[in-house]
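Here is model.cif, consisting of mmCIF, C-alpha atoms and all ligand atoms:
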```cif
data_coords
#
loop_
_atom_site.label_atom_id
_atom_site.label_comp_id
_atom_site.auth_asym_id
_atom_site.auth_seq_id
_atom_site.Cartn_x
_atom_site.Cartn_y
_atom_site.Cartn_z
CA MET A 1 73.36 -78.69 -24.93
CA ASP A 2 71.31 -81.11 -26.97
CA PRO A 3 73.17 -84.46 -26.63
CA ARG A 4 72.38 -85.23 -30.27
CA ARG A 5 74.60 -82.38 -31.38
CA VAL A 6 77.65 -83.79 -29.65
CA ARG A 7 79.72 -85.64 -32.23
CA SER A 8 81.80 -88.22 -30.48
CA THR A 9 85.41 -88.54 -31.54
CA SER A 10 86.43 -90.15 -28.25
CA PRO A 11 88.03 -93.62 -28.47
CA VAL A 12 85.25 -94.97 -26.26
CA PRO A 13 81.90 -94.91 -28.07
CA GLY A 14 79.29 -93.14 -26.00
CA HIS A 15 76.46 -95.03 -27.66
CA VAL A 16 76.80 -98.66 -28.74
CA ALA A 17 73.90 -100.32 -30.56
CA ILE A 18 73.84 -104.07 -31.10
CA VAL A 19 71.84 -106.31 -33.41
CA MET A 20 72.07 -109.45 -31.30
CA ASP A 21 71.80 -111.94 -34.14
CA GLY A 22 72.51 -115.65 -34.51
CA ASN A 23 70.79 -117.26 -31.52
CA GLY A 24 68.89 -119.72 -33.72
CA ARG A 25 71.88 -120.77 -35.81
CA TRP A 26 74.02 -121.13 -32.70
CA ALA A 27 71.47 -123.56 -31.25
CA THR A 28 70.71 -125.46 -34.45
CA ARG A 29 74.41 -126.11 -35.03
CA GLN A 30 74.52 -127.92 -31.69
CA GLY A 31 71.32 -129.85 -32.22
CA LEU A 32 69.45 -127.66 -29.74
CA THR A 33 66.10 -125.93 -30.13
CA ARG A 34 66.07 -122.28 -31.20
CA ALA A 35 64.60 -121.49 -27.79
CA ARG A 36 67.82 -122.69 -26.17
CA GLY A 37 69.67 -120.26 -28.41
CA HIS A 38 67.57 -117.38 -27.13
CA VAL A 39 68.22 -118.41 -23.53
CA ALA A 40 71.97 -118.43 -24.25
CA GLY A 41 71.60 -115.06 -25.96
CA GLU A 42 69.94 -113.62 -22.88
CA LYS A 43 72.93 -114.71 -20.75
CA ALA A 44 75.32 -113.09 -23.21
CA LEU A 45 73.38 -109.84 -22.97
CA SER A 46 73.52 -109.63 -19.21
CA GLN A 47 77.31 -110.11 -19.29
CA VAL A 48 77.77 -107.59 -22.11
CA VAL A 49 75.83 -104.96 -20.14
CA GLU A 50 78.33 -105.31 -17.30
CA ASP A 51 81.26 -105.14 -19.74
CA ALA A 52 79.82 -102.02 -21.35
CA VAL A 53 79.55 -100.37 -17.92
CA GLU A 54 83.18 -101.28 -17.25
CA ILE A 55 84.38 -99.84 -20.56
CA GLY A 56 82.58 -96.58 -19.88
CA VAL A 57 79.87 -96.78 -22.54
CA ARG A 58 76.98 -94.49 -21.56
CA HIS A 59 74.25 -95.85 -23.86
CA LEU A 60 73.76 -99.45 -24.90
CA THR A 61 70.82 -100.06 -27.22
CA VAL A 62 69.99 -103.64 -28.12
CA PHE A 63 67.68 -105.11 -30.72
CA ALA A 64 65.69 -107.81 -28.94
CA PHE A 65 62.55 -108.12 -31.11
CA SER A 66 61.79 -106.37 -34.37
CA THR A 67 58.47 -105.37 -35.91
CA GLU A 68 59.25 -108.07 -38.49
CA ASN A 69 59.89 -110.77 -35.86
CA TRP A 70 56.09 -111.14 -35.36
CA CYS A 71 56.23 -113.18 -38.58
CA ARG A 72 58.14 -115.97 -36.83
CA PRO A 73 56.34 -119.12 -35.68
CA ALA A 74 53.89 -118.35 -32.85
CA ALA A 75 55.68 -120.68 -30.44
CA GLU A 76 58.97 -118.81 -30.92
CA VAL A 77 57.28 -115.42 -30.52
CA ASP A 78 55.56 -116.58 -27.31
CA PHE A 79 58.80 -117.95 -25.97
CA LEU A 80 60.63 -114.69 -26.65
CA MET A 81 57.93 -112.64 -24.92
CA THR A 82 58.05 -114.86 -21.85
CA LEU A 83 61.85 -114.84 -21.84
CA MET A 84 61.95 -111.05 -21.98
CA GLN A 85 59.53 -110.77 -19.11
CA ARG A 86 61.53 -113.26 -17.04
CA THR A 87 64.76 -111.42 -17.86
CA LEU A 88 63.37 -108.11 -16.70
CA ARG A 89 62.19 -109.68 -13.48
CA ASN A 90 65.33 -111.72 -12.73
CA ARG A 91 67.99 -109.21 -13.75
CA LEU A 92 66.34 -106.05 -12.48
CA GLN A 93 67.89 -105.78 -9.02
CA ARG A 94 71.43 -106.38 -10.24
CA LEU A 95 71.04 -103.86 -13.06
CA HIS A 96 69.65 -101.35 -10.58
CA ALA A 97 72.58 -101.99 -8.20
CA ASN A 98 74.92 -101.24 -11.13
CA ALA A 99 73.12 -97.92 -11.68
CA VAL A 100 71.82 -99.03 -15.08
CA ARG A 101 68.77 -97.21 -16.35
CA ILE A 102 66.44 -99.46 -18.32
CA ARG A 103 63.97 -98.32 -20.90
CA HIS A 104 61.96 -99.66 -23.75
CA LEU A 105 61.96 -98.45 -27.33
CA GLY A 106 59.21 -99.60 -29.65
CA ARG A 107 55.48 -99.96 -29.83
CA ARG A 108 53.90 -101.18 -26.62
CA THR A 109 50.38 -101.81 -27.78
CA GLY A 110 51.12 -105.24 -29.32
CA LEU A 111 53.15 -106.56 -26.39
CA PRO A 112 51.56 -108.85 -23.77
CA PRO A 113 50.24 -106.74 -20.86
CA THR A 114 52.36 -108.68 -18.35
CA LEU A 115 55.50 -107.78 -20.33
CA VAL A 116 54.44 -104.14 -20.52
CA SER A 117 53.98 -104.06 -16.78
CA ALA A 118 57.45 -105.63 -16.24
CA ILE A 119 58.87 -102.92 -18.53
CA GLU A 120 57.08 -100.20 -16.60
CA THR A 121 58.33 -101.54 -13.26
CA ALA A 122 61.92 -101.63 -14.56
CA GLU A 123 61.66 -98.16 -16.06
CA ARG A 124 60.23 -96.70 -12.87
CA LEU A 125 62.76 -98.31 -10.54
CA THR A 126 65.80 -97.36 -12.63
CA ALA A 127 64.67 -93.96 -13.91
CA ASP A 128 67.28 -91.99 -11.95
CA ASN A 129 70.24 -94.29 -12.67
CA ASP A 130 72.90 -92.63 -14.74
CA ARG A 131 75.84 -94.97 -15.23
CA LEU A 132 74.55 -96.60 -18.40
CA THR A 133 71.22 -96.40 -20.17
CA LEU A 134 70.15 -99.77 -21.52
CA SER A 135 67.51 -99.29 -24.20
CA LEU A 136 65.67 -102.50 -25.03
CA CYS A 137 64.17 -102.45 -28.49
CA LEU A 138 61.09 -104.68 -28.43
CA ASP A 139 58.53 -104.55 -31.18
CA TYR A 140 60.88 -101.95 -32.57
CA GLY A 141 61.32 -100.98 -36.20
CA GLY A 142 63.21 -97.98 -37.50
CA ARG A 143 60.52 -97.29 -40.08
CA ALA A 144 57.75 -97.65 -37.49
CA GLU A 145 59.57 -95.16 -35.26
CA LEU A 146 59.76 -92.63 -38.10
CA VAL A 147 56.12 -93.19 -39.08
CA ASP A 148 55.01 -92.83 -35.44
CA ALA A 149 56.99 -89.59 -35.19
CA ALA A 150 55.56 -88.27 -38.46
CA ARG A 151 52.02 -89.08 -37.31
CA ARG A 152 52.47 -87.13 -34.07
CA ILE A 153 54.06 -84.24 -35.94
CA ALA A 154 51.08 -84.16 -38.31
CA GLU A 155 48.69 -84.23 -35.33
CA ASP A 156 50.49 -81.30 -33.67
CA ALA A 157 50.49 -79.38 -36.94
CA ALA A 158 46.76 -80.03 -37.34
CA ILE A 159 45.93 -78.62 -33.90
CA GLY A 160 48.30 -75.72 -34.41
CA THR A 161 50.92 -76.51 -31.75
CA LEU A 162 53.61 -77.03 -34.40
CA ASP A 163 54.31 -74.78 -37.35
CA PRO A 164 55.26 -77.03 -40.30
CA ALA A 165 57.62 -74.34 -41.54
CA SER A 166 59.61 -74.63 -38.31
CA LEU A 167 60.19 -78.38 -38.64
CA ASP A 168 63.90 -79.09 -38.59
CA ILE A 169 66.13 -81.98 -37.53
CA PRO A 170 66.14 -81.29 -33.75
CA THR A 171 62.37 -80.73 -33.76
CA PHE A 172 61.75 -83.98 -35.65
CA ALA A 173 64.06 -85.82 -33.23
CA ARG A 174 61.90 -84.73 -30.29
CA TYR A 175 59.12 -86.96 -31.66
CA LEU A 176 61.22 -90.13 -31.68
CA TYR A 177 60.64 -92.86 -29.07
CA ALA A 178 63.50 -91.62 -26.87
CA PRO A 179 64.19 -87.97 -27.70
CA ASP A 180 67.26 -87.84 -25.47
CA LEU A 181 68.92 -90.86 -27.10
CA PRO A 182 72.12 -89.64 -28.76
CA ASP A 183 73.24 -90.71 -32.20
CA VAL A 184 74.76 -94.18 -32.37
CA ASP A 185 78.55 -94.12 -32.39
CA LEU A 186 79.23 -97.84 -32.79
CA PHE A 187 76.80 -100.27 -34.44
CA ILE A 188 77.64 -103.93 -33.95
CA ARG A 189 75.92 -106.86 -35.64
CA THR A 190 76.84 -110.39 -34.72
CA ALA A 191 76.55 -113.68 -36.64
CA GLY A 192 77.92 -112.59 -39.98
CA GLU A 193 75.02 -110.86 -41.72
CA GLN A 194 75.95 -107.41 -42.93
CA ARG A 195 72.67 -105.53 -42.84
CA ILE A 196 70.84 -103.09 -40.61
CA SER A 197 67.47 -104.91 -40.58
CA ASN A 198 65.44 -101.78 -39.81
CA PHE A 199 67.34 -100.90 -36.61
CA LEU A 200 67.68 -97.27 -35.46
CA LEU A 201 67.53 -95.83 -38.97
CA TRP A 202 67.53 -92.22 -37.76
CA GLN A 203 70.09 -92.62 -34.98
CA CYS A 204 72.57 -94.60 -37.12
CA ALA A 205 72.97 -91.85 -39.71
CA TYR A 206 76.67 -91.56 -38.89
CA ALA A 207 77.31 -94.72 -36.91
CA GLU A 208 80.46 -96.72 -37.44
CA LEU A 209 79.41 -100.21 -38.53
CA VAL A 210 81.22 -103.28 -37.22
CA PHE A 211 80.10 -106.74 -38.30
CA VAL A 212 81.38 -109.77 -36.47
CA ASP A 213 81.00 -113.44 -37.39
CA THR A 214 80.53 -114.63 -33.81
CA PRO A 215 76.91 -115.59 -33.07
CA TRP A 216 75.36 -113.57 -30.27
CA PRO A 217 75.40 -116.33 -27.59
CA ASP A 218 79.22 -116.53 -27.94
CA PHE A 219 79.75 -112.77 -27.95
CA ASP A 220 81.63 -111.70 -24.86
CA ARG A 221 83.86 -109.02 -23.38
CA ARG A 222 86.72 -109.82 -25.83
CA HIS A 223 84.46 -109.24 -28.82
CA LEU A 224 83.09 -106.04 -27.34
CA ARG A 225 86.58 -104.74 -26.67
CA GLN A 226 87.68 -105.71 -30.19
CA ALA A 227 84.75 -103.84 -31.68
CA VAL A 228 85.61 -100.79 -29.56
CA GLU A 229 89.23 -101.02 -30.74
CA ILE A 230 88.12 -101.12 -34.37
CA TYR A 231 85.87 -98.15 -33.67
CA ALA A 232 88.81 -96.21 -32.19
CA THR A 233 90.74 -96.59 -35.47
CA ARG A 234 87.93 -95.11 -37.58
CA ASN A 235 88.27 -91.58 -38.87
CA ARG A 236 84.92 -89.93 -38.22
CA THR A 237 84.60 -86.96 -40.54
CA PHE A 238 80.81 -86.45 -40.60
CA GLY A 239 80.90 -85.18 -44.16
CA THR A 240 83.50 -82.54 -43.54
CA VAL A 241 87.21 -82.18 -44.31
CA GLU A 242 89.89 -80.50 -42.26
CA ASP A 243 90.00 -76.99 -43.66
CA PRO A 244 90.88 -73.93 -41.61
CA GLY A 245 89.15 -71.68 -44.17
CA ARG A 246 85.91 -73.62 -43.98
CA SER A 247 84.06 -71.21 -41.71
CA ALA A 248 84.75 -68.37 -44.13
CA ALA A 249 83.57 -70.44 -47.10
CA ARG A 250 80.42 -71.41 -45.24
CA SER A 251 79.39 -67.83 -44.87
CA ALA A 252 80.22 -66.85 -48.43
CA PRO A 253 77.22 -65.15 -50.04
CA GLY A 254 75.08 -67.39 -52.21
CA ARG A 255 76.67 -70.61 -50.95
CA GLN A 256 74.57 -73.47 -49.58
CA PRO A 257 74.70 -73.37 -45.76
CA CYS A 258 76.66 -76.09 -43.99
CA THR A 259 73.94 -78.45 -42.76
CA SER A 260 75.48 -81.66 -41.59
CA THR A 261 73.32 -84.60 -40.60
CA ASN A 262 72.75 -83.53 -37.01
CA ALA A 263 72.99 -79.80 -37.45
CA PRO A 264 69.93 -77.74 -36.60
C1 LIG B 1 68.43 -113.04 -32.88
O1 LIG B 1 68.73 -114.34 -33.25
C2 LIG B 1 67.31 -112.99 -31.87
C3 LIG B 1 66.05 -112.44 -32.38
C4 LIG B 1 65.84 -111.99 -33.58
C5 LIG B 1 64.94 -112.41 -31.47
P1 LIG B 1 67.91 -115.06 -34.39
O2 LIG B 1 66.72 -115.71 -33.77
O3 LIG B 1 67.61 -114.15 -35.50
O4 LIG B 1 68.94 -116.16 -34.83
P2 LIG B 1 69.26 -116.61 -36.32
O5 LIG B 1 69.61 -115.38 -37.08
O6 LIG B 1 68.03 -117.30 -36.82
O7 LIG B 1 70.42 -117.54 -36.17
C1 LIG B 2 67.24 -108.56 -36.42
O1 LIG B 2 67.56 -109.90 -36.60
C2 LIG B 2 66.30 -108.40 -35.26
C3 LIG B 2 66.86 -108.74 -33.94
C4 LIG B 2 68.10 -109.08 -33.66
C5 LIG B 2 65.91 -108.64 -32.87
P1 LIG B 2 66.74 -110.82 -37.61
O2 LIG B 2 67.41 -112.14 -37.58
O3 LIG B 2 65.30 -110.77 -37.28
O4 LIG B 2 66.96 -110.06 -38.97
P2 LIG B 2 67.11 -110.61 -40.45
O5 LIG B 2 65.92 -111.49 -40.71
O6 LIG B 2 68.39 -111.40 -40.50
O7 LIG B 2 67.19 -109.40 -41.32
MG MG B 3 68.58 -113.64 -37.23
#
```

Using structure tokens, write down the structure from this file.
Ligand code: IPE
Ligand code: IPE
Ligand code: MG
Amino acid sequence: MDPRRVRSTSPVPGHVAIVMDGNGRWATRQGLTRARGHVAGEKALSQVVEDAVEIGVRHLTVFAFSTENWCRPAAEVDFLMTLMQRTLRNRLQRLHANAVRIRHLGRRTGLPPTLVSAIETAERLTADNDRLTLSLCLDYGGRAELVDAARRIAEDAAIGTLDPASLDIPTFARYLYAPDLPDVDLFIRTAGEQRISNFLLWQCAYAELVFVDTPWPDFDRRHLRQAVEIYATRNRTFGTVEDPGRSAARSAPGRQPCTSTNAP
């Protein structure tokens, strides 16, 4: 079955997505450079990955660098690229030992070649791991992902391998960066801002949003568990209501078909 069609109502979110925000403010508040904040944020991430494995989360998708983050000062961008490369190198064996599959979501063409090769090494080594999939969003933008998908769809339509009339939600989803990535169940953003900032626009269609004030470097297992507890209290209805007669109404002649967000 297409994993996208599975609507999670389990108390443990299958797919957790995190906007790891607040590294800079965390550092500035302590009189440190923003770079030190990113280093602390990287440590928080490696701990949270282990906590997510322990909780039983199957997909953890983290926002590490957005398409908009290129507009930051060059020194910060360079530092982040180097840090990400170092992280992939230093954390790889432990992640692999924990059966974590690593993959990248985003555009690769603008990333430094040495980072791309570190990504490829990590993806290759961990490809068969199945305990948790850690998707690292680097040079990722939700709009860019949709535009990239639309471009490839248009290309396939132009050469005749896709009939535009057959385009539906599952077909469109096959053109996303990671076609097997399920919908986000729990979206967490740290550091107090309550916005999505162009993260996983398609996959968050029915995500439960949890905003926490803690800056990312201070986010730990307690915060993750709290967010999961909040998630477990949410009533996920996906646009429907409990109604035993619903299937009959759906098939009533002349009525609009029931097409929920992730229906075919
Ligand atoms: C998130 O922290 C890390 C990245 C965007 C790379 P920020 O760097 O955005 O930290 P603040 O929001 O300025 O505090
Ligand atoms: C979102 O955080 C991107 C990442 C966490 C990588 P930003 O700090 O870049 O987003 P805005 O500027 O607050 O929207
Ligand atoms: Mg920020």

Practice task
Please provide the set of residues having any atom within 10 Å of range 221-229 of chain A, restricted to only C-alpha atoms, with same-chain residues fewer than 2 positions apart removed, written as a PyMOL selection string.
Solution key: chain A and resi 11-13+16+44+47-52+54-55+57+186-188+190+209-212+214+218-219+231-234

Written file, previous selection with C-alpha atoms, as a PDB file, in the frame of the given file:
```pdb
ATOM      1  CA  PRO A  11      88.030 -93.620 -28.470  1.00  0.00           C
ATOM      2  CA  VAL A  12      85.250 -94.970 -26.260  1.00  0.00           C
ATOM      3  CA  PRO A  13      81.900 -94.910 -28.070  1.00  0.00           C
ATOM      4  CA  VAL A  16      76.800 -98.660 -28.740  1.00  0.00           C
ATOM      5  CA  ALA A  44      75.320-113.090 -23.210  1.00  0.00           C
ATOM      6  CA  GLN A  47      77.310-110.110 -19.290  1.00  0.00           C
ATOM      7  CA  VAL A  48      77.770-107.590 -22.110  1.00  0.00           C
ATOM      8  CA  VAL A  49      75.830-104.960 -20.140  1.00  0.00           C
ATOM      9  CA  GLU A  50      78.330-105.310 -17.300  1.00  0.00           C
ATOM     10  CA  ASP A  51      81.260-105.140 -19.740  1.00  0.00           C
ATOM     11  CA  ALA A  52      79.820-102.020 -21.350  1.00  0.00           C
ATOM     12  CA  GLU A  54      83.180-101.280 -17.250  1.00  0.00           C
ATOM     13  CA  ILE A  55      84.380 -99.840 -20.560  1.00  0.00           C
ATOM     14  CA  VAL A  57      79.870 -96.780 -22.540  1.00  0.00           C
ATOM     15  CA  LEU A 186      79.230 -97.840 -32.790  1.00  0.00           C
ATOM     16  CA  PHE A 187      76.800-100.270 -34.440  1.00  0.00           C
ATOM     17  CA  ILE A 188      77.640-103.930 -33.950  1.00  0.00           C
ATOM     18  CA  THR A 190      76.840-110.390 -34.720  1.00  0.00           C
ATOM     19  CA  LEU A 209      79.410-100.210 -38.530  1.00  0.00           C
ATOM     20  CA  VAL A 210      81.220-103.280 -37.220  1.00  0.00           C
ATOM     21  CA  PHE A 211      80.100-106.740 -38.300  1.00  0.00           C
ATOM     22  CA  VAL A 212      81.380-109.770 -36.470  1.00  0.00           C
ATOM     23  CA  THR A 214      80.530-114.630 -33.810  1.00  0.00           C
ATOM     24  CA  ASP A 218      79.220-116.530 -27.940  1.00  0.00           C
ATOM     25  CA  PHE A 219      79.750-112.770 -27.950  1.00  0.00           C
ATOM     26  CA  TYR A 231      85.870 -98.150 -33.670  1.00  0.00           C
ATOM     27  CA  ALA A 232      88.810 -96.210 -32.190  1.00  0.00           C
ATOM     28  CA  THR A 233      90.740 -96.590 -35.470  1.00  0.00           C
ATOM     29  CA  ARG A 234      87.930 -95.110 -37.580  1.00  0.00           C
TER      30      ARG A 234
END
```

Exercise for the section: Choose the residue, out of A:Thr28, A:Ala154, A:Asp220, A:Ser117, that has the smallest atom-to-atom separation from Lys43 in chain A; count only C-alpha atoms. Expected result: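 Of A:Thr28, A:Ala154, A:Asp220, A:Ser117, the one nearest Lys43 in chain A is A:Asp220, counting only C-alpha atoms.
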
Handout entry: Close residues, Arg108 in chain A itself excluded, 12 Å, all atoms listed in the file, min 4 positions apart in chain, as a PyMOL selection string
Key = chain A and resi 65+67+103-104+112-120+136-140+145+177

Practice task
For each of A:Thr237, A:Gln194, A:Ser135, A:Gln93, take the minimum atom-to-atom distance to ligand LIG 1 (chain B), counting all atoms listed in the file, then give the residue where this is smallest.
Solution key: A:Gln194

Report as a Markdown table the residues of chain A within 7 Å of ligand LIG 1 (chain B), each with its shortest atom pair and distance in Å (one decimal), using only C-alpha atoms and all ligand atoms, ordered by chain and increasing residue number.
```
| residue | atom | partner | partner_atom | distance |
| --- | --- | --- | --- | --- |
| A:Met20 | CA | B:LIG1 | C1 | 5.4 |
| A:Asp21 | CA | B:LIG1 | C1 | 3.8 |
| A:Gly22 | CA | B:LIG1 | O7 | 3.3 |
| A:Asn23 | CA | B:LIG1 | O4 | 3.9 |
| A:Gly24 | CA | B:LIG1 | O7 | 3.6 |
| A:Arg25 | CA | B:LIG1 | O7 | 3.6 |
| A:Trp26 | CA | B:LIG1 | O7 | 6.2 |
| A:His38 | CA | B:LIG1 | C2 | 6.5 |
| A:Ala64 | CA | B:LIG1 | C5 | 5.3 |
| A:Phe65 | CA | B:LIG1 | C5 | 4.9 |
| A:Ser66 | CA | B:LIG1 | C4 | 7.0 |
| A:Asn69 | CA | B:LIG1 | C4 | 6.5 |
| A:Leu80 | CA | B:LIG1 | C5 | 6.9 |
```

Handout entry: Distance query Trp202 in chain A at most 8 Å, all atoms listed in the file, self and fewer than 2 positions along chain excluded, as number ranges by chain
Key = A: 142, 146, 200, 204-205

To test the calculation: enclose all listed atoms of range 89-100 of chain A in a box whose edges run along x, y and z, add 3 Å on each side, then state centre and edge lengths in Å to one decimal, as AutoDock Vina command-line options.
```
--center_x 68.6 --center_y -104.8 --center_z -11.6 --size_x 18.7 --size_y 19.8 --size_z 12.9
```

Exercise for the section: Select, from A:Ala149, A:Leu111, A:Val19, A:Leu60, the residue with the minimum atom-to-atom distance to ligand MG 3 (chain B), counting all atoms listed in the file. Expected result: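 So, comparing all the options, the nearest one is A:Val19.
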
Exercise for the section: Give the answer as one residue: which of A:Val184, A:Val39, A:Ala75, A:Leu92 has the shortest atom-to-atom distance to Val62 in chain A, using all atoms listed in the file? Expected result: A:Val184
